[in-house]
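Read through the structure below, which is laid out as C-alpha cells, and then see the notes.
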Amino acid sequence: MLDRLVFVPLGGVGEIGMNVYLYGLDDSWLMVDLGISFADERLPGVDIVLPDIQFAEELGDKLKALVLTHAHEDHLGAVPYLWRQLRVPVWCSDFTAAVLRLKLAEHGLATEVPIKRIKPREPFKIGPFACRFLHMTHSIPESGALLLETRFGRVLHTGDWKLDPEPLVGERSDVEELEHLGKQGVLAMVCDSTNALSPGTSGSEAEVRESLTELIKGQPNRVVLTTFASNIARMETAMLAAHAAGRELFVVGRSMRRMIEAAREVGFLKAVPPIRDEREADSLPRNRVLYLCTGSQGEARSALSRVAVGQHPRVRLDPGDAVIFSSKIIPGNERTLYNLHNQLVRQGVEVITEVDHFVHVSGHPCRDEMEQMYRWVRPKIAVPVHGEARHLQAHQRLAEGLGVPKIMMVENGDLLRLAPEEPEVIDQVPVGRKVVVEAEGFVEAEDDLFRTRRRLMNHGTIVVGLVLDAEGSVLAEPQLSALGAVEIERFGDLRRDIAEAIVDSVEELDDRHARDDERVREAARVAVRQALDLPRHRRPIVEVQVTRLTPASLAALEEEG
C-alpha cells in the first residue's frame, strides 16, 4: 500500500502546455488534467503533441478518475486521443463538460466517456481523496482550483487562475473560501507560474471591453477581431461592441462556433445580438461588418490565415480594413504571427495589437496576485508548475520572499512525496518524449521520421539514379537532381565532378560488395558528400536509386539500339 501522499507531473513543468498531473495515496491515484501542446519547427508536419502517459496506463485499476480544471486545450485536449488507454470517469464543470462532449463526438466517443458534472464547492469523493472545486477566474468560464483533502492534509491544485474583480462571464474567484482554507491549514499548493515574471496585476476583462468598444466604433471600414476561441467573455465583448458600433457580427472559424455552442448550452451568451451567416457580409457596407475570427496565433489552417492569403471562400479584406489581435503572442509563435501581420499590411489592412492599443489582458496571475494568493492560503509547501524554467524560478523566489517554509522544484517525471515526513523527490517515473498525432496514429517525437524531415527542410535532398549490370559495373552516367540543396544545375563542372566521383567510388568496390545494392548506395552517398565538400551542418539527404539490368535486358537494349 502507498502509505504516503505523492505528486507526479507527467507534463506541464518546465513548459507551458500539455498539463498532466497525478496524485497518489493508499494505492489509489487520480489524474488532474490531460492536455496537449502544439508542435514547433522541431516537428515539421505535426500539429498536435500529446503527453506520454505510460506511467498512468500501468497503474491500471489504481487510477480512479480524471479531474479537469477547465476547458483549455492544454488541460483537456488530449482526452479524445488518450482516454481509451485510461478508461476512467471524468469529473469537471458544466461548461468544461459541454466543450469536452463536442470534442469527443468528433472522435466517436460521445456516449462512451462517463462525464460527471460538478459545481463549485460541491464535495465529491475519489478513492481516499475528498475533493471539491473552488471557482477561479481565468480566460475561460468555470475554471476551478481543485482542493484535495487527505488524512495527511489539504492540497490546493490551483489550475489556471487570476484575480479579476469584474470577469463579465462567470463569477469572481472564491476569495472567501481561499481565506477560510488558509485559516484551516494547507499542506501544499501546486500553483500556476505563467506570469511569475510580470509585476502588478493581470487586469480585468471589463477594462478590455470598454477599450475595444471605443476602438471598434472608431474604425471606418470592415473590422476583424481575432482572439482565443475559448475566451467567452472576449467573444461576448466583440458581439456587444459590434452592436454598439452599428455593425453586424459574423463568426468565422469552427472552433469559435463550437465554443459559442458550448457556452449557450450552459447559459452563457444569452443577452447578445444575433450572429449572422458570414455569406451575408458582402451585401452590407464595409462599415457595418465585424468578423469574429479564429487565428489569433497565426495557425496555418485558421480562418484568418486563409483570409490573409486570399484563400477563404467567403471572407475578403480590402485596403483600409482593420484586424485587431485581441490576444497575447504565445512564446514561440512570434515569427509565424509577424509573417501574418506582414501579409495583412501588404494588402493595405491596418493591424492593431496589444502593442498599439489596450486590447488584451492575461488569464494568468501576475506577481501581485500570486502574492495575495499565498497570503490567503499560507501553504507549508509550494510546488511551482505550469511554466518554463525561468517562470518556475521566479515563482520560487517569490514564495521564498513570502516565507513559505518549503518550496519544491520538480521536473516532469519526478515523484514528489508531500507527506508524511519532509517533502522530497523520492523517485522518477517514465515520461519519455512526447508523442504526436501523425496520420491518425501516434509516433514518438524522437522518431527518425522527424529527424529526416528537419534535414529535408533545412538542407534539402539530392537524388542519384544509377544503372548497373548484375556485376556492379556502371552502364550510364549517373543522373542527378537536387531539391532545396546545392544548385547543381547552375554549375556544370560540379555536376560532372559529382558524377565522376560516384562512378569511381562504385567501380572501386570489390566484386562481392559491387553486387550488394546497399553497399553501392552507401558508396555513392559518400562520393556525393565528399565531392560537395559541404560543412557538417549543411549536409543534404542523399537518396540513391539503383537499377540493375540483367544480361537478357542488356541484349534486348542492344538489339533495339
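Going through the C-alpha cells in order, the chains are called A, B, and so on, while each chain numbers its residues from 1 and the ligands are numbered from 1 in the order shown.
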Quiz item: What residues in stretch 300-508 of chain A get the DSSP label helix (DSSP H, G or I)? Please answer as number ranges by chain.
Solution: A: 303-308, 334-346, 367-377, 389-401, 448-459, 488-490, 492-507
Self-check item: All residues 10 Å or closer to A:His243, only C-alpha atoms, same chain fewer than 4 positions away omitted, as a PyMOL selection string
Solution: chain A and resi 213+217+237-239+247-249+272-274+288+290
Quiz item: Any idea what's packed within 10 Å of stretch 202-206 of chain A, counting only C-alpha atoms, ignoring anything in its chain fewer than 4 positions away? Could you give it as number ranges by chain?
Solution: A: 138-139, 162-169, 195, 198, 210-211, 233-234, 237, 359-369
Practice problem: Please provide as a PyMOL selection string all residues within 12 Å of stretch 389-399 of chain A, with the sequence filter that same-chain residues fewer than 6 positions apart are discarded (counting only C-alpha atoms). | Solution: chain A and resi 12-16+189-199+365-375+378-383+405-412
Quiz item: If we count only C-alpha atoms, what is near A:Glu265 at a cut-off of 10 Å, once residues fewer than 6 positions away on the same chain are taken out, given as a ChimeraX atom specification?
Solution: /A:94-95,98-99,259
Practice problem: Step one, run DSSP on the backbone; step two, keep only residues of stretch 184-387 of chain A assigned to strand (DSSP E); then write them as JSON, numbers by chain. | Solution: {"A": [186, 187, 188, 189, 190, 191, 192, 223, 224, 225, 226, 248, 249, 250, 251, 252, 289, 290, 291, 292, 293, 322, 323, 324, 325, 350, 351, 352, 379, 380, 381, 382, 383, 384, 385]}
Exercise. Identify, on the basis of only C-alpha atoms, every residue whose closest approach to A:Glu179 does not exceed 6 Å; exclude the query and any residue fewer than 3 positions from it along the same chain; express the result as an MDAnalysis selection string.
Key: chainID A and resid 176 182 376
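Minimum atom-to-atom distances from A:Gly127, A:Gly310, A:Gly24, A:Gly170 to A:Gly144 were compared using only C-alpha atoms, and the lowest value belongs to A:Gly170.
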Quiz item: With only C-alpha atoms as the basis for distance, which of A:Gln184, A:Thr201, A:Thr294, A:Gln347 is at the shortest distance from A:Asp318?
Solution: A:Gln347
Quiz item: Do you know which residues are at most 8 Å from A:Gly320 counting only C-alpha atoms, after dropping those on the same chain fewer than 3 positions away, and could you put them as a PyMOL selection string?
Solution: chain A and resi 220-222+348-350
Using C-alpha atoms, can you export the residues from the last selection as a PDB file, in the first residue's frame?
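out.pdb was written with the following content:
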```pdb
ATOM      1  CA  PRO A 220     -14.180  53.407 -40.824  1.00  0.00           C
ATOM      2  CA  ASN A 221     -14.354  50.064 -42.668  1.00  0.00           C
ATOM      3  CA  ARG A 222     -14.553  46.331 -42.031  1.00  0.00           C
ATOM      4  CA  GLY A 348      -3.274  47.763 -47.006  1.00  0.00           C
ATOM      5  CA  VAL A 349      -5.001  46.330 -43.921  1.00  0.00           C
ATOM      6  CA  GLU A 350      -4.362  48.041 -40.578  1.00  0.00           C
TER       7      GLU A 350
END
```
Quiz prompt | One-decimal distance in Å that lies between atom CA of A:Val289 and atom CA of A:Gly246 | solution = 8.7 Å
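The coordinates place atom CA of A:Val506 at 11.4 Å from atom CA of A:Glu518.
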Quiz prompt | For atom CA of A:Asn287 and atom CA of A:Arg306, the interatomic separation in Å (one decimal) | solution = 21.9 Å
Quiz item: Which one of A:Leu415, A:Ile329, A:Ala78, A:Leu344 sits closest to A:Phe7 if you count only C-alpha atoms?
Solution: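 The closest residue to A:Phe7 is A:Leu415.
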Quiz item: Of the candidates A:Leu317, A:Leu225, A:Ala188, A:Ala263, which shows the shortest atom-to-atom distance to A:Leu148, using only C-alpha atoms?
Solution: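 Residue with the minimum atom-to-atom distance to A:Leu148: A:Ala188.
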